[in-house]
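Raw contents of upload22.txt, compact mmCIF, C-alpha atoms:
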```
# COMPACT_ATOMS: atom_id res chain seq x y z
CA MET A 55 -18.62 26.74 -9.54
CA HIS A 56 -16.60 23.58 -8.92
CA ASP A 57 -14.13 24.56 -11.66
CA LYS A 58 -13.13 27.55 -9.54
CA LEU A 59 -12.34 25.49 -6.45
CA ALA A 60 -8.62 25.88 -5.76
CA ILE A 61 -7.00 22.56 -4.90
CA PRO A 62 -3.27 22.82 -4.07
CA TYR A 63 -0.89 20.72 -6.16
CA THR A 64 2.69 19.99 -5.08
CA ARG A 65 5.61 18.84 -7.20
CA TYR A 66 9.29 19.39 -6.43
CA LEU A 67 11.10 17.27 -9.02
CA ALA A 68 10.69 17.15 -12.79
CA PRO A 69 10.54 13.69 -14.41
CA ASP A 70 14.29 13.90 -15.12
CA GLY A 71 15.05 14.59 -11.45
CA ARG A 72 15.73 18.32 -11.76
CA PRO A 73 14.41 20.49 -8.89
CA LEU A 74 11.64 22.77 -10.10
CA GLY A 75 12.33 25.40 -7.45
CA ASP A 76 13.18 25.66 -3.80
CA LEU A 77 13.02 22.38 -1.89
CA PRO A 78 11.73 21.95 1.66
CA ALA A 79 14.36 22.17 4.39
CA TRP A 80 14.12 18.50 5.27
CA ALA A 81 15.25 17.62 1.72
CA ASP A 82 18.81 18.43 2.80
CA ASP A 83 18.79 15.19 4.79
CA ALA A 84 20.91 13.01 2.49
CA GLU A 85 20.51 9.95 4.72
CA LEU A 86 16.72 10.18 4.50
CA LEU A 87 16.72 10.60 0.73
CA VAL A 88 19.00 7.61 0.20
CA ARG A 89 16.87 5.56 2.56
CA LEU A 90 13.76 6.40 0.56
CA TYR A 91 15.46 5.38 -2.68
CA ARG A 92 16.80 2.12 -1.26
CA GLN A 93 13.35 1.20 -0.02
CA MET A 94 11.74 2.01 -3.36
CA VAL A 95 14.20 -0.30 -5.12
CA LEU A 96 13.60 -3.07 -2.59
CA THR A 97 9.84 -2.72 -3.08
CA ARG A 98 10.15 -2.98 -6.85
CA LEU A 99 12.38 -6.06 -6.75
CA PHE A 100 10.10 -7.78 -4.25
CA ASP A 101 7.13 -6.86 -6.43
CA GLN A 102 8.76 -8.46 -9.46
CA LYS A 103 9.43 -11.64 -7.51
CA ALA A 104 5.86 -11.78 -6.20
CA VAL A 105 4.49 -11.56 -9.75
CA ALA A 106 6.88 -14.33 -10.84
CA LEU A 107 5.72 -16.51 -7.93
CA GLN A 108 2.11 -16.03 -8.97
CA ARG A 109 2.87 -16.85 -12.58
CA THR A 110 4.43 -20.13 -11.49
CA GLY A 111 1.52 -21.03 -9.21
CA ARG A 112 3.32 -20.55 -5.89
CA ILE A 113 1.02 -17.78 -4.61
CA GLY A 114 -2.47 -16.65 -5.57
CA THR A 115 -3.62 -13.43 -7.22
CA TYR A 116 -1.31 -10.52 -6.40
CA ALA A 117 -1.70 -6.73 -6.79
CA PRO A 118 1.52 -5.19 -8.19
CA THR A 119 2.82 -1.80 -7.05
CA LEU A 120 4.93 -1.08 -10.14
CA GLY A 121 5.21 2.68 -10.67
CA GLN A 122 3.58 3.57 -7.36
CA GLU A 123 6.47 2.90 -4.98
CA ALA A 124 7.01 6.56 -4.01
CA ILE A 125 3.61 6.81 -2.36
CA GLY A 126 3.97 3.83 -0.06
CA VAL A 127 7.60 4.48 0.81
CA ALA A 128 6.90 8.11 1.76
CA VAL A 129 3.96 7.07 3.95
CA GLY A 130 5.94 4.26 5.55
CA ALA A 131 8.84 6.58 6.37
CA LEU A 132 6.53 9.05 8.11
CA LEU A 133 4.30 6.85 10.24
CA ARG A 134 5.34 6.43 13.86
CA PRO A 135 5.29 3.04 15.59
CA GLU A 136 2.29 4.11 17.70
CA ASP A 137 0.24 5.11 14.63
CA VAL A 138 -2.17 2.69 12.98
CA LEU A 139 -2.02 1.82 9.29
CA VAL A 140 -5.29 0.69 7.68
CA PRO A 141 -4.08 -0.45 4.25
CA TYR A 142 -5.56 -1.66 1.00
CA TYR A 143 -4.28 -4.35 -1.30
CA ARG A 144 -1.62 -2.25 -3.09
CA ASP A 145 0.31 -1.28 0.03
CA THR A 146 3.35 -3.56 -0.11
CA ALA A 147 5.74 -0.60 0.19
CA VAL A 148 4.13 0.78 3.35
CA GLN A 149 3.89 -2.63 4.98
CA LEU A 150 7.56 -3.39 4.40
CA MET A 151 8.50 -0.15 6.13
CA ARG A 152 6.14 -0.89 9.01
CA GLY A 153 8.02 -4.08 9.79
CA VAL A 154 5.82 -6.58 7.96
CA ARG A 155 8.13 -9.28 6.64
CA MET A 156 8.30 -10.15 2.98
CA GLU A 157 7.51 -13.77 3.75
CA GLU A 158 4.40 -12.65 5.63
CA ILE A 159 3.21 -10.74 2.57
CA LEU A 160 3.81 -13.83 0.43
CA LEU A 161 1.94 -15.99 2.93
CA TYR A 162 -1.01 -13.60 2.76
CA TRP A 163 -1.18 -13.71 -1.04
CA GLY A 164 -0.74 -17.47 -0.80
CA GLY A 165 -3.98 -17.69 1.18
CA ASP A 166 -2.29 -18.37 4.52
CA GLU A 167 -3.71 -16.74 7.67
CA ARG A 168 -0.21 -16.51 9.14
CA GLY A 169 0.45 -13.74 6.63
CA SER A 170 -1.65 -11.37 8.74
CA ALA A 171 -0.11 -12.35 12.09
CA TYR A 172 2.74 -9.84 11.99
CA VAL A 173 5.76 -10.77 14.08
CA ASP A 174 7.23 -7.27 14.34
CA PRO A 175 5.65 -5.35 17.26
CA ALA A 176 5.76 -2.15 15.17
CA ALA A 177 3.03 -3.58 12.94
CA ALA A 178 1.08 -5.38 15.65
CA GLU A 179 -1.80 -2.89 15.71
CA ASP A 180 -1.87 -2.27 11.97
CA PHE A 181 -4.83 -3.75 10.13
CA PRO A 182 -4.41 -6.57 7.62
CA ILE A 183 -4.69 -5.92 3.89
CA CYS A 184 -8.21 -4.97 2.82
CA VAL A 185 -9.39 -6.35 -0.52
CA PRO A 186 -13.04 -5.15 -0.46
CA ILE A 187 -13.11 -1.70 -2.03
CA ALA A 188 -13.15 1.30 0.35
CA THR A 189 -14.38 -0.53 3.47
CA GLN A 190 -11.01 0.20 5.09
CA ALA A 191 -11.80 3.94 5.08
CA LEU A 192 -14.57 3.41 7.61
CA HIS A 193 -12.39 1.07 9.65
CA ALA A 194 -9.80 3.85 9.86
CA CYS A 195 -12.43 6.26 11.16
CA GLY A 196 -13.35 3.76 13.83
CA VAL A 197 -9.70 3.50 14.85
CA ALA A 198 -9.32 7.28 14.79
CA SER A 199 -12.40 7.65 16.99
CA ALA A 200 -10.82 5.39 19.59
CA LEU A 201 -7.51 7.27 19.38
CA LYS A 202 -9.29 10.58 19.89
CA ILE A 203 -11.19 9.29 22.93
CA ARG A 204 -7.97 7.98 24.47
CA GLY A 205 -6.15 11.26 23.88
CA GLY A 206 -2.54 11.68 22.82
CA HIS A 207 -1.08 12.25 19.37
CA ARG A 208 -1.65 8.96 17.57
CA VAL A 209 -2.99 8.99 14.02
CA ALA A 210 -4.79 6.49 11.81
CA LEU A 211 -3.76 6.54 8.15
CA THR A 212 -5.68 4.74 5.45
CA THR A 213 -5.01 4.30 1.75
CA CYS A 214 -7.10 3.49 -1.28
CA GLY A 215 -7.11 3.68 -5.06
CA ASP A 216 -8.97 6.17 -7.22
CA GLY A 217 -11.80 3.72 -7.81
CA ALA A 218 -12.52 3.50 -4.10
CA THR A 219 -13.33 7.21 -3.95
CA SER A 220 -16.53 6.49 -5.89
CA LYS A 221 -17.80 4.11 -3.23
CA GLY A 222 -20.31 5.04 -0.55
CA ASP A 223 -18.03 3.67 2.16
CA PHE A 224 -15.37 6.21 1.23
CA LEU A 225 -17.75 9.16 1.17
CA GLU A 226 -19.32 8.11 4.47
CA ALA A 227 -15.84 7.89 5.97
CA LEU A 228 -15.02 11.41 4.81
CA ASN A 229 -18.26 12.67 6.28
CA VAL A 230 -17.74 11.19 9.74
CA ALA A 231 -14.05 12.17 9.74
CA GLY A 232 -14.99 15.76 9.05
CA VAL A 233 -17.91 16.08 11.43
CA TRP A 234 -16.05 14.41 14.30
CA GLN A 235 -12.70 16.05 13.43
CA LEU A 236 -10.91 12.71 13.64
CA PRO A 237 -7.12 12.22 13.65
CA VAL A 238 -7.15 10.34 10.35
CA VAL A 239 -5.30 10.87 7.06
CA PHE A 240 -6.65 9.60 3.74
CA VAL A 241 -4.04 8.87 1.05
CA VAL A 242 -5.53 8.24 -2.39
CA ASN A 243 -3.36 6.50 -4.96
CA ASN A 244 -4.84 7.92 -8.15
CA ASN A 245 -3.13 5.59 -10.60
CA GLN A 246 -5.57 6.53 -13.40
CA TRP A 247 -7.23 3.12 -13.77
CA ALA A 248 -9.84 1.36 -11.60
CA ILE A 249 -9.20 -2.00 -13.22
CA SER A 250 -10.34 -1.18 -16.79
CA VAL A 251 -12.24 2.04 -15.96
CA PRO A 252 -10.22 5.21 -16.63
CA ARG A 253 -10.28 8.07 -14.15
CA ARG A 254 -11.89 10.45 -16.67
CA ILE A 255 -15.17 8.49 -16.83
CA GLN A 256 -15.25 7.31 -13.24
CA CYS A 257 -15.77 10.68 -11.56
CA GLY A 258 -17.00 14.02 -12.89
CA ALA A 259 -15.11 16.13 -10.36
CA PRO A 260 -11.92 17.81 -11.67
CA THR A 261 -9.99 16.34 -8.72
CA LEU A 262 -10.58 13.57 -6.23
CA ALA A 263 -9.06 15.71 -3.49
CA GLN A 264 -12.00 18.11 -3.51
CA LYS A 265 -14.26 15.40 -2.12
CA ALA A 266 -12.65 16.19 1.22
CA VAL A 267 -13.70 19.82 0.92
CA GLY A 268 -17.34 18.73 0.78
CA ALA A 269 -16.77 16.91 4.06
CA GLY A 270 -15.32 19.99 5.73
CA PHE A 271 -11.56 19.42 5.68
CA PRO A 272 -8.63 20.05 3.32
CA GLY A 273 -7.83 17.98 0.26
CA GLU A 274 -4.64 18.35 -1.79
CA GLN A 275 -3.03 16.85 -4.87
CA VAL A 276 0.62 15.88 -5.20
CA ASP A 277 2.73 14.33 -7.92
CA GLY A 278 2.69 10.72 -6.76
CA ASN A 279 5.83 9.99 -8.81
CA ASP A 280 7.76 12.59 -6.82
CA VAL A 281 8.65 11.06 -3.45
CA LEU A 282 9.69 14.47 -2.11
CA ALA A 283 6.24 15.89 -2.83
CA VAL A 284 4.42 12.93 -1.31
CA TYR A 285 6.63 12.96 1.78
CA ASP A 286 6.20 16.70 2.29
CA ARG A 287 2.41 16.79 2.09
CA VAL A 288 1.71 13.56 3.95
CA ARG A 289 4.06 14.88 6.62
CA ALA A 290 1.91 18.01 6.88
CA ALA A 291 -1.29 15.95 6.99
CA LEU A 292 0.01 13.76 9.81
CA GLU A 293 1.19 16.77 11.78
CA ARG A 294 -2.22 18.40 11.39
CA ALA A 295 -3.94 15.30 12.72
CA ARG A 296 -1.48 14.95 15.62
CA GLN A 297 -2.21 18.51 16.71
CA GLY A 298 -5.93 17.80 16.94
CA LYS A 299 -6.79 19.86 13.85
CA GLY A 300 -8.68 17.05 12.14
CA PRO A 301 -8.34 14.99 8.96
CA MET A 302 -6.79 15.66 5.58
CA LEU A 303 -6.86 13.95 2.19
CA VAL A 304 -3.79 13.68 -0.05
CA GLU A 305 -4.47 12.62 -3.65
CA CYS A 306 -1.28 11.23 -5.20
CA ILE A 307 -1.29 11.38 -9.01
CA SER A 308 0.55 8.27 -10.18
CA TYR A 309 0.22 5.62 -12.87
CA ARG A 310 -0.26 1.88 -12.62
CA LEU A 311 2.51 0.63 -14.90
CA GLY A 312 1.50 -3.01 -14.50
CA ASP A 313 -1.77 -4.92 -14.51
CA HIS A 314 -4.43 -4.20 -11.90
CA THR A 315 -3.69 -7.64 -10.44
CA THR A 316 -2.12 -10.76 -11.86
CA ALA A 317 -5.67 -11.78 -12.89
CA ASP A 318 -5.84 -8.76 -15.23
CA ASP A 319 -4.49 -8.04 -18.72
CA ALA A 320 -4.15 -4.27 -19.06
CA THR A 321 -3.19 -4.49 -22.74
CA ARG A 322 -6.87 -5.15 -23.48
CA TYR A 323 -7.99 -1.67 -22.44
CA ARG A 324 -5.06 0.76 -22.68
CA SER A 325 -2.54 1.58 -25.36
CA ALA A 326 1.15 0.76 -25.38
CA GLU A 327 1.84 4.42 -26.18
CA GLU A 328 0.09 5.55 -23.00
CA VAL A 329 2.12 3.15 -20.88
CA LYS A 330 5.34 4.13 -22.65
CA GLN A 331 4.68 7.77 -21.84
CA ALA A 332 3.93 6.91 -18.20
CA TRP A 333 7.31 5.19 -17.89
CA GLN A 334 8.91 8.59 -18.54
CA GLU A 335 7.34 9.83 -15.29
CA GLU A 336 8.14 6.84 -13.06
CA PRO A 337 9.41 7.52 -9.52
CA LEU A 338 12.60 5.45 -9.14
CA LYS A 339 14.54 6.93 -12.03
CA ARG A 340 13.40 10.41 -10.98
CA LEU A 341 14.83 10.11 -7.47
CA GLN A 342 17.94 8.26 -8.67
CA SER A 343 18.75 11.10 -11.08
CA PHE A 344 18.22 13.67 -8.33
CA LEU A 345 20.55 11.80 -5.96
CA ALA A 346 23.21 11.32 -8.64
CA ALA A 347 23.19 15.03 -9.46
CA ARG A 348 23.89 15.75 -5.79
CA GLY A 349 26.74 13.25 -5.63
CA LEU A 350 24.76 10.93 -3.37
CA TRP A 351 24.47 8.00 -5.79
CA ASP A 352 26.48 6.27 -8.49
CA GLU A 353 26.62 3.04 -10.48
CA ARG A 354 28.70 1.22 -7.86
CA ARG A 355 26.16 1.96 -5.14
CA GLU A 356 23.35 0.97 -7.50
CA GLN A 357 24.82 -2.44 -8.27
CA GLN A 358 25.51 -3.10 -4.59
CA LEU A 359 21.95 -2.11 -3.71
CA LEU A 360 20.49 -4.40 -6.36
CA ALA A 361 22.57 -7.31 -5.06
CA ASP A 362 21.58 -6.63 -1.45
CA CYS A 363 17.87 -6.33 -2.30
CA GLN A 364 17.86 -9.47 -4.43
CA ALA A 365 19.48 -11.37 -1.56
CA GLN A 366 16.82 -10.12 0.87
CA VAL A 367 14.04 -11.11 -1.49
CA GLN A 368 15.48 -14.56 -2.08
CA GLN A 369 15.86 -15.13 1.64
CA ALA A 370 12.21 -14.17 2.12
CA VAL A 371 11.08 -16.56 -0.62
CA GLU A 372 12.97 -19.39 1.03
CA ALA A 373 11.39 -18.56 4.41
CA PHE A 374 7.95 -18.49 2.78
CA GLU A 375 8.44 -21.84 1.11
CA ALA A 376 9.80 -23.37 4.34
CA ALA A 377 6.72 -22.29 6.31
CA GLY A 378 4.81 -25.43 5.39
CA GLN A 379 1.05 -25.80 5.22
CA GLN A 380 -1.15 -23.95 7.68
CA PRO A 381 -3.49 -26.09 9.83
CA VAL A 382 -6.69 -26.87 7.96
CA GLU A 383 -8.82 -25.43 10.78
CA ALA A 384 -7.32 -22.00 10.04
CA ILE A 385 -10.11 -21.52 7.50
CA LEU A 386 -12.45 -21.12 10.51
CA ASP A 387 -10.23 -19.84 13.31
CA TYR A 388 -10.24 -16.17 12.33
CA VAL A 389 -13.85 -15.63 11.29
CA TYR A 390 -15.34 -14.51 14.62
CA ALA A 391 -13.99 -12.85 17.77
CA ARG A 392 -16.55 -14.82 19.78
CA TRP A 393 -17.37 -18.20 18.39
CA PRO A 394 -20.98 -19.19 17.66
CA VAL A 395 -21.86 -22.65 18.89
CA ALA A 396 -22.65 -23.83 15.37
CA LEU A 397 -19.17 -22.87 14.13
CA ALA A 398 -17.52 -24.66 17.03
CA GLU A 399 -19.42 -27.81 16.07
CA GLN A 400 -18.36 -27.43 12.45
CA ARG A 401 -14.75 -27.04 13.52
CA GLU A 402 -14.87 -30.30 15.45
CA MET A 403 -16.46 -32.05 12.47
CA LEU A 404 -13.73 -30.70 10.21
CA LEU A 405 -10.96 -31.89 12.53
CA GLU A 406 -12.52 -35.34 12.79
CA ARG A 407 -12.79 -35.58 9.02
CA VAL A 408 -9.16 -34.52 8.56
CA ALA A 409 -8.03 -37.04 11.19
CA ARG A 410 -9.90 -39.84 9.40
CA ARG A 411 -8.41 -38.80 6.08
CA GLU A 412 -4.85 -38.76 7.45
CA ALA A 413 -5.35 -42.13 9.14
CA SER A 414 -6.65 -43.54 5.85
CA LEU A 415 -3.67 -42.19 3.94
CA GLN A 416 -1.20 -43.60 6.46
CA GLY A 417 -2.95 -46.95 6.24
CA GLY A 418 -2.85 -46.94 2.47
CA GLY A 419 -6.64 -46.95 2.17
CA SER A 420 -8.97 -44.79 0.12
CA HIS A 421 -10.00 -41.32 1.22
CA GLU A 422 -12.68 -38.79 0.45
```

Give the structure from the file, written as structure tokens.
Amino acid sequence: MHDKLAIPYTRYLAPDGRPLGDLPAWADDAELLVRLYRQMVLTRLFDQKAVALQRTGRIGTYAPTLGQEAIGVAVGALLRPEDVLVPYYRDTAVQLMRGVRMEEILLYWGGDERGSAYVDPAAAEDFPICVPIATQALHACGVASALKIRGGHRVALTTCGDGATSKGDFLEALNVAGVWQLPVVFVVNNNQWAISVPRRIQCGAPTLAQKAVGAGFPGEQVDGNDVLAVYDRVRAALERARQGKGPMLVECISYRLGDHTTADDATRYRSAEEVKQAWQEEPLKRLQSFLAARGLWDERREQQLLADCQAQVQQAVEAFEAAGQQPVEAILDYVYARWPVALAEQREMLLERVARREASLQGGGSHE
């Protein structure tokens, strides 16, 4: 029976950038299309720098977005300032478009609490990056419940990878979203690999999108390497939620061109031929070719963009490195909304110990 379930699939551009048919009306907006491309390039260059910083020990483990930029950029372009983003750890592209600064992202991956204290008001109500798998899906339903009670047209949007869709948290989130008809959108980045586990042995369902159908709301698939397709269907999902028609799930079929994180070595479990083939589908070249064919892009613009993006990234790295060390008590300051007495006592003990250590260092004595 499940093989007969019709799950819509949307793709507008072939891998070489050729339109496969009629495009949506909004695709005539040249300014929007160029903006999407510029942001995808910025995301990729920042991503490369972040990996380099990890390799040289200047930040901790980092989750690359290589090959998946179209998904985050499309989502980021569509969310309104009043919406709430509930991200996972591979959402650099969305965060940058929400106003999160590059140096804040680097601080986060450097283990600094200031990386989640977003300066830009547009991101003030967005949640911090979620590393535990799929727990953010339930958080988004909690946010969406509050938005529905308050009324209005605000939407919560949450993201996850294909591996997260096998977790109980994700399925419970779908269930409550469907039964309560919440204004929440689920965007699944199906990049084919949950660390070393391939999609084909992780889930027996033909699509991940159909999990939404079991919860009572629509699920669709799109070509996650086609930014036009992602933008079009996420746009529809957000509009549905804003109109009070309930949730929707958009499964974006992409490919993780890099390692799962910088702690991973993907060459141990997948072939070079598979990765080489995936590079033929990647999103940046696809959109660049489409823009060039329409006279909206050329080599001069490309070189200027690369220079501009590299300058932005370098400026962010310098700001990150100039931030200095966070206060040592920050390891405790953000654990509880209301402090238990025992934690307050531990904080005082920690501060006293640090003060003694600093005094000892200044005096030239030994320290613990």

Inset, instruction - Just give me the residues with any atom within 10 Å of (-4.1, -2.7, -3.9), file coordinates, counting only C-alpha atoms, written as a PyMOL selection string. - result: chain A and resi 116-119+141-146+183-187+213-215+243+314-315

Legend entry - Atomic separation - atom CA of Val281 of chain A relative to atom CA of Phe100 of chain A, Å: 18.9 Å

Inset, instruction - May I ask which of the residues A:Val173, A:Asp223, A:Glu157, A:Asp83 is the closest one to Ala376 of chain A, counting all atoms listed in the file? - result: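 The shortest atom-to-atom distance to Ala376 of chain A comes from A:Glu157.
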
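The spacing separating atom CA of Asn245 of chain A from atom CA of Gln331 of chain A amounts to 13.9 Å.
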
Legend entry - Among listed residues A:Glu336, A:Glu402, A:Glu293, A:Asp166, nearest Gln379 of chain A (using all atoms listed in the file):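 The shortest atom-to-atom distance to Gln379 of chain A comes from A:Asp166.
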
Inset, instruction - Check the smallest atom-to-atom distance from each of A:Ala79, A:Leu405, A:Trp247, A:Gly71 to Val329 of chain A using only C-alpha atoms, then report the winner. - result: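 Between A:Ala79, A:Leu405, A:Trp247, A:Gly71, the residue approaching Val329 of chain A most closely is A:Trp247.
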
Inset, instruction - Go ahead and compute the interatomic distance for atom CA of Ile113 of chain A and atom CA of Leu133 of chain A, in Å to one decimal. - result: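 Pair atom CA of Ile113 of chain A / atom CA of Leu133 of chain A returns 28.9 Å.
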
Find the residues around Trp351 of chain A up to 9 Å (all atoms listed in the file counted), leave out those fewer than 6 positions away in its own chain, and share them as an mmCIF file with C-alpha atoms, in the frame of the given file.
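Everything below was put into part-v2.cif:
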```cif
data_model
loop_
_atom_site.group_PDB
_atom_site.id
_atom_site.type_symbol
_atom_site.label_atom_id
_atom_site.label_comp_id
_atom_site.auth_asym_id
_atom_site.auth_seq_id
_atom_site.Cartn_x
_atom_site.Cartn_y
_atom_site.Cartn_z
ATOM 1 C CA VAL A 88 19.000 7.610 0.200
ATOM 2 C CA GLN A 342 17.940 8.260 -8.670
ATOM 3 C CA SER A 343 18.750 11.100 -11.080
ATOM 4 C CA PHE A 344 18.220 13.670 -8.330
ATOM 5 C CA LEU A 345 20.550 11.800 -5.960
#
```

Inset, instruction - Skip Asp216 of chain A itself and residues of its chain fewer than 4 positions away, then list as a PyMOL selection string all residues within 8 Å of it, counting all atoms listed in the file. - result: chain A and resi 220+242-248+253+262

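In this comparison, which uses only C-alpha atoms, the residue of A:Ile249, A:Met151, A:Val267, A:Met156 approaching Asp313 of chain A most closely is A:Ile249.
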
Inset, instruction - Write out as a PyMOL selection string the residues lying within 9 Å of segment 57-70 of chain A, counting all atoms listed in the file and excluding same-chain residues fewer than 2 positions away. - result: chain A and resi 55+72-78+259-261+263-264+272-284+286-287+334-337+339-341+343-344

Inset, instruction - Kindly indicate which residue among A:His193, A:Arg98, A:Arg407, A:Arg348 lies nearest to Gly312 of chain A, using all atoms listed in the file for the distances. - result: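 Between A:His193, A:Arg98, A:Arg407, A:Arg348, the residue approaching Gly312 of chain A most closely is A:Arg98.
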
Within 10 Å of Gly114 of chain A using all atoms listed in the file, minus same-chain residues under 2 positions, as an mmCIF file with C-alpha atoms, in the coordinates of the input:
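Written output follows (out13.cif):
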```
data_model
loop_
_atom_site.group_PDB
_atom_site.id
_atom_site.type_symbol
_atom_site.label_atom_id
_atom_site.label_comp_id
_atom_site.auth_asym_id
_atom_site.auth_seq_id
_atom_site.Cartn_x
_atom_site.Cartn_y
_atom_site.Cartn_z
ATOM 1 C CA ALA A 104 5.860 -11.780 -6.200
ATOM 2 C CA VAL A 105 4.490 -11.560 -9.750
ATOM 3 C CA LEU A 107 5.720 -16.510 -7.930
ATOM 4 C CA GLN A 108 2.110 -16.030 -8.970
ATOM 5 C CA ARG A 109 2.870 -16.850 -12.580
ATOM 6 C CA THR A 110 4.430 -20.130 -11.490
ATOM 7 C CA GLY A 111 1.520 -21.030 -9.210
ATOM 8 C CA ARG A 112 3.320 -20.550 -5.890
ATOM 9 C CA TYR A 116 -1.310 -10.520 -6.400
ATOM 10 C CA LEU A 160 3.810 -13.830 0.430
ATOM 11 C CA LEU A 161 1.940 -15.990 2.930
ATOM 12 C CA TYR A 162 -1.010 -13.600 2.760
ATOM 13 C CA TRP A 163 -1.180 -13.710 -1.040
ATOM 14 C CA GLY A 164 -0.740 -17.470 -0.800
ATOM 15 C CA GLY A 165 -3.980 -17.690 1.180
ATOM 16 C CA THR A 316 -2.120 -10.760 -11.860
ATOM 17 C CA ALA A 317 -5.670 -11.780 -12.890
#
```

Any chance you could model all heavy atoms for segment 198-204 of chain A and send them as a compact mmCIF listing (two decimals), in the coordinates of the input?
```
# COMPACT_ATOMS: atom_id res chain seq x y z
N ALA A 198 -9.59 5.89 14.44
CA ALA A 198 -9.32 7.28 14.79
C ALA A 198 -10.24 7.77 15.90
O ALA A 198 -9.83 8.58 16.75
CB ALA A 198 -9.46 8.16 13.56
N SER A 199 -11.48 7.28 15.90
CA SER A 199 -12.40 7.65 16.99
C SER A 199 -11.87 7.17 18.33
O SER A 199 -11.89 7.90 19.33
CB SER A 199 -13.78 7.04 16.72
OG SER A 199 -14.34 7.54 15.53
N ALA A 200 -11.38 5.94 18.35
CA ALA A 200 -10.82 5.39 19.59
C ALA A 200 -9.58 6.16 20.02
O ALA A 200 -9.40 6.46 21.21
CB ALA A 200 -10.48 3.91 19.39
N LEU A 201 -8.73 6.52 19.06
CA LEU A 201 -7.51 7.27 19.38
C LEU A 201 -7.87 8.64 19.95
O LEU A 201 -7.21 9.12 20.88
CB LEU A 201 -6.64 7.43 18.13
CG LEU A 201 -6.10 6.13 17.49
CD1 LEU A 201 -5.25 6.46 16.27
CD2 LEU A 201 -5.33 5.30 18.49
N LYS A 202 -8.90 9.26 19.40
CA LYS A 202 -9.29 10.58 19.89
C LYS A 202 -9.84 10.50 21.31
O LYS A 202 -9.54 11.35 22.16
CB LYS A 202 -10.34 11.19 18.95
CG LYS A 202 -10.74 12.61 19.35
CD LYS A 202 -11.63 13.26 18.31
CE LYS A 202 -11.94 14.70 18.71
NZ LYS A 202 -12.77 15.40 17.68
N ILE A 203 -10.62 9.47 21.58
CA ILE A 203 -11.19 9.29 22.93
C ILE A 203 -10.08 9.05 23.95
O ILE A 203 -10.11 9.58 25.06
CB ILE A 203 -12.20 8.12 22.93
CG1 ILE A 203 -13.45 8.51 22.12
CG2 ILE A 203 -12.59 7.72 24.35
CD1 ILE A 203 -14.37 7.36 21.81
N ARG A 204 -9.08 8.28 23.55
CA ARG A 204 -7.97 7.98 24.47
C ARG A 204 -7.06 9.18 24.70
O ARG A 204 -6.37 9.26 25.73
CB ARG A 204 -7.13 6.83 23.90
CG ARG A 204 -7.85 5.49 23.86
CD ARG A 204 -6.95 4.45 23.21
NE ARG A 204 -7.63 3.17 23.04
CZ ARG A 204 -7.07 2.11 22.46
NH1 ARG A 204 -5.84 2.20 21.98
NH2 ARG A 204 -7.75 0.98 22.34
```
